[in-house]
Amino acid sequence: MRIPRCFLPHPLTPGEEIPLDERAHRHVIQVLRLRPGAPLVLFNGGGGEYEATLCAAGRRDSRVRVERYHPRDTRPALPVTLVQGVAKGDRMDYSLQKATELGVTRIQPVITRRSVTSDDPRRLEKRTAHWRGVVLSACEQSGRNDLPTVEEPMPLTQWLEGQTAPSGDTLHIVLSPEAPSGLRGLDPRPTAVTLLIGPEGGLEAAEIGQAVHTGFMPIRLGPRVLRTETAGVAALAVIQALWGDLGN
């Protein structure tokens, strides 16, 4: 059985006993139903991970003993920023979950003309907190010890207005079924990638045009039109296989 992994957002020191926070307690005790003596792996996003043992398990709280530190480095070899058009419920969750598994370092949700989202700032704040939870859970499940940053959502037009043209060997890509070429022939090898993906229905032509004006290169993934949650997974897998650490 695989040893469960838990993120704890504070310093960890071998030899100390610490309480699990509410989220970790709920997962370890209520979902997994672990008992004292069960092994755990802890990480705090600062690099590496720690062996730990569950030493107390109550209904309302639990404690773990931090043990050996392992400097296992899971940081992606290629910095990738995913600029994801806000999609409906499960589709957005799936996109962010798989993007985390595939090694993105930063996620910028953007509201496009075809995004279906509430104008209520409180609801958008709640969705953002939910997305950060999705990313955190994906790190726990996939073995990542680093956490991608999930930025506050903003309108795509506003985000693009704040961007500067790519410099050096950085690469900015916008997916478009009408683009003349794909990823395979791009050269030289980029040192960082920013990938822009639309929501359900894709980006409108004017949005793609604004992205291109900012320095984004339109790219297609093949002869078929992919759903937003499929497009992100496919594009990130190709990017990581060509220039990142997928397959290493």
# chains A, B, ... in the order shown; residues from 1 in each chain; ligands from 1

$ residues_around --residues "segment 234-244 of chain A" --least-positions-apart "3" --cutoff "7 Å" --atoms "only C-alpha atoms" --output "PyMOL selection string"
chain A and resi 77-78+102+189+230-231+247

$ select_by_dssp --residues "segment 162-233 of chain A" --states "strand (DSSP E)" --output "JSON, numbers by chain"
{"A": [170, 171, 172, 173, 174, 175, 192, 193, 194, 195, 196, 197, 217, 218, 219]}

$ write_last_selection --atoms "N, CA and C atoms" --output "PDB file, in the first residue's frame"
ATOM      1  N   THR A 170      12.556  32.297 -24.271  1.00  0.00           N
ATOM      2  CA  THR A 170      11.239  31.992 -23.717  1.00  0.00           C
ATOM      3  C   THR A 170      10.235  31.884 -24.863  1.00  0.00           C
ATOM      4  N   LEU A 171       9.184  31.118 -24.632  1.00  0.00           N
ATOM      5  CA  LEU A 171       8.206  30.825 -25.680  1.00  0.00           C
ATOM      6  C   LEU A 171       6.806  31.031 -25.134  1.00  0.00           C
ATOM      7  N   HIS A 172       6.007  31.828 -25.840  1.00  0.00           N
ATOM      8  CA  HIS A 172       4.606  32.044 -25.501  1.00  0.00           C
ATOM      9  C   HIS A 172       3.752  31.405 -26.592  1.00  0.00           C
ATOM     10  N   ILE A 173       2.827  30.531 -26.179  1.00  0.00           N
ATOM     11  CA  ILE A 173       2.039  29.754 -27.128  1.00  0.00           C
ATOM     12  C   ILE A 173       0.557  29.964 -26.846  1.00  0.00           C
ATOM     13  N   VAL A 174      -0.223  30.143 -27.903  1.00  0.00           N
ATOM     14  CA  VAL A 174      -1.671  30.141 -27.786  1.00  0.00           C
ATOM     15  C   VAL A 174      -2.204  29.056 -28.712  1.00  0.00           C
ATOM     16  N   LEU A 175      -3.063  28.194 -28.179  1.00  0.00           N
ATOM     17  CA  LEU A 175      -3.605  27.114 -28.993  1.00  0.00           C
ATOM     18  C   LEU A 175      -4.694  27.640 -29.908  1.00  0.00           C
ATOM     19  N   ALA A 192      11.734  28.627 -20.982  1.00  0.00           N
ATOM     20  CA  ALA A 192      10.484  28.753 -20.236  1.00  0.00           C
ATOM     21  C   ALA A 192       9.353  28.848 -21.254  1.00  0.00           C
ATOM     22  N   VAL A 193       8.177  28.364 -20.848  1.00  0.00           N
ATOM     23  CA  VAL A 193       7.024  28.350 -21.749  1.00  0.00           C
ATOM     24  C   VAL A 193       5.811  28.921 -21.025  1.00  0.00           C
ATOM     25  N   THR A 194       5.048  29.753 -21.736  1.00  0.00           N
ATOM     26  CA  THR A 194       3.737  30.193 -21.276  1.00  0.00           C
ATOM     27  C   THR A 194       2.709  29.691 -22.277  1.00  0.00           C
ATOM     28  N   LEU A 195       1.718  28.958 -21.787  1.00  0.00           N
ATOM     29  CA  LEU A 195       0.724  28.308 -22.641  1.00  0.00           C
ATOM     30  C   LEU A 195      -0.651  28.886 -22.335  1.00  0.00           C
ATOM     31  N   LEU A 196      -1.313  29.426 -23.353  1.00  0.00           N
ATOM     32  CA  LEU A 196      -2.635  30.019 -23.227  1.00  0.00           C
ATOM     33  C   LEU A 196      -3.666  29.101 -23.864  1.00  0.00           C
ATOM     34  N   ILE A 197      -4.690  28.717 -23.068  1.00  0.00           N
ATOM     35  CA  ILE A 197      -5.734  27.813 -23.525  1.00  0.00           C
ATOM     36  C   ILE A 197      -7.089  28.429 -23.213  1.00  0.00           C
ATOM     37  N   MET A 217       2.665  32.841 -29.989  1.00  0.00           N
ATOM     38  CA  MET A 217       2.710  32.129 -31.258  1.00  0.00           C
ATOM     39  C   MET A 217       1.524  31.177 -31.347  1.00  0.00           C
ATOM     40  N   PRO A 218       0.691  31.301 -32.390  1.00  0.00           N
ATOM     41  CA  PRO A 218      -0.427  30.354 -32.524  1.00  0.00           C
ATOM     42  C   PRO A 218       0.076  28.973 -32.939  1.00  0.00           C
ATOM     43  N   ILE A 219      -0.432  27.950 -32.250  1.00  0.00           N
ATOM     44  CA  ILE A 219       0.006  26.576 -32.469  1.00  0.00           C
ATOM     45  C   ILE A 219      -1.234  25.674 -32.506  1.00  0.00           C
TER      46      ILE A 219
END

$ residues_around --residues "Val66 of chain A" --least-positions-apart "4" --cutoff "9 Å" --atoms "only C-alpha atoms" --output "NGL selection string"
:A and (12-18 or 41-42 or 50-53)

$ closest_residue --among "A:Glu200, A:Asp245, A:Asp21, A:Asp146" --to "Thr112 of chain A" --atoms "only C-alpha atoms"
A:Glu200

$ atom_distance --atom1 "atom CA of Ala165 of chain A" --atom2 "atom CA of Glu152 of chain A"
21.8 Å

$ closest_residue --among "A:Ala211, A:Tyr94, A:Arg220, A:Arg33" --to "Pro180 of chain A" --atoms "only C-alpha atoms"
A:Arg220
